[in-house]
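Engineer: Quick one: this structure, given as structure tokens, is what I'll be asking you about.
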Amino acid sequence: MAASTTASQEELKAHRVPLAWRDQCSSLLIPLNLCRKQKLYKPWECDHERHTYDKCQYDDYVRRMKELSKLKLAAAEEE
């Protein structure tokens, strides 16, 4: 993941993002939450922000799974 998708600690604290949500996609969560609050949490609003955030989360998951499979393969080769 690029560093541009990670918000600074000051931004996260200012927007009151919980610690559990401070991950690689945290900078995309801030505009999503702002949009949700402005649109009164209507599910059909903020589609673009939600899709962008979900895509980032999925890409991060795929990256972590690839990393895990490489570690498992390396461990199997050592045995």
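Residue names in the structure tokens use chain letters A, B, ... in the order shown, residue numbers from 1 in each chain, and ligand numbers from 1 in the order shown.
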Would you mind writing down, as a ChimeraX atom specification, each residue of chain A that DSSP on the backbone assigns to helix (DSSP H, G or I)?
Structural biologist: /A:3-5,9-14,19-21,26-38,47-78
Engineer: Would you mind listing what lies within 12 Å of region 43-48 of chain A as a ChimeraX atom specification, with only C-alpha atoms counted and same-chain residues fewer than 4 positions away left out?
Structural biologist: /A:28-29,31-39,52-55
Engineer: For C-alpha atoms, I'd like the residues from the last selection saved as a compact mmCIF listing (two decimals), in the first residue's frame.
Structural biologist:
```txt
# COMPACT_ATOMS: atom_id res chain seq x y z
CA LEU A 28 -10.04 7.16 2.85
CA LEU A 29 -12.15 6.58 5.94
CA PRO A 31 -13.93 11.58 3.88
CA LEU A 32 -16.30 8.61 4.01
CA ASN A 33 -17.28 9.37 7.60
CA LEU A 34 -17.64 13.08 6.83
CA CYS A 35 -19.91 12.27 3.89
CA ARG A 36 -21.95 9.89 6.04
CA LYS A 37 -22.50 12.58 8.66
CA GLN A 38 -23.42 15.21 6.06
CA LYS A 39 -25.87 12.89 4.28
CA THR A 52 -12.99 3.44 -2.74
CA TYR A 53 -12.60 2.51 0.93
CA ASP A 54 -13.82 -1.08 0.37
CA LYS A 55 -11.45 -1.51 -2.58
```
Engineer: Just to confirm, what's the straight-line distance from CA of Ser27 (chain A) to CA of Thr5 (chain A) in Å (one decimal)?
Structural biologist: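 One can read the CA of Ser27 (chain A) to CA of Thr5 (chain A) distance as 5.2 Å.
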Engineer: To one decimal in Å, tell me the separation between CA of Ala7 (chain A) and CA of Ser26 (chain A).
Structural biologist: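 Computing it gives 5.7 Å between the two atoms.
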Engineer: I'd like the interatomic distance between CA of Asp23 (chain A) and CA of Glu67 (chain A), to a tenth of an Å.
Structural biologist: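 Interatomic distance, CA of Asp23 (chain A) to CA of Glu67 (chain A): 16.7 Å.
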Engineer: Which residue, A:Ser8, A:Lys66, A:Cys56, A:Leu73, has the smallest gap to Arg22 (chain A) when you use only C-alpha atoms?
Structural biologist: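 That would be A:Ser8, the residue with the smallest distance to Arg22 (chain A).
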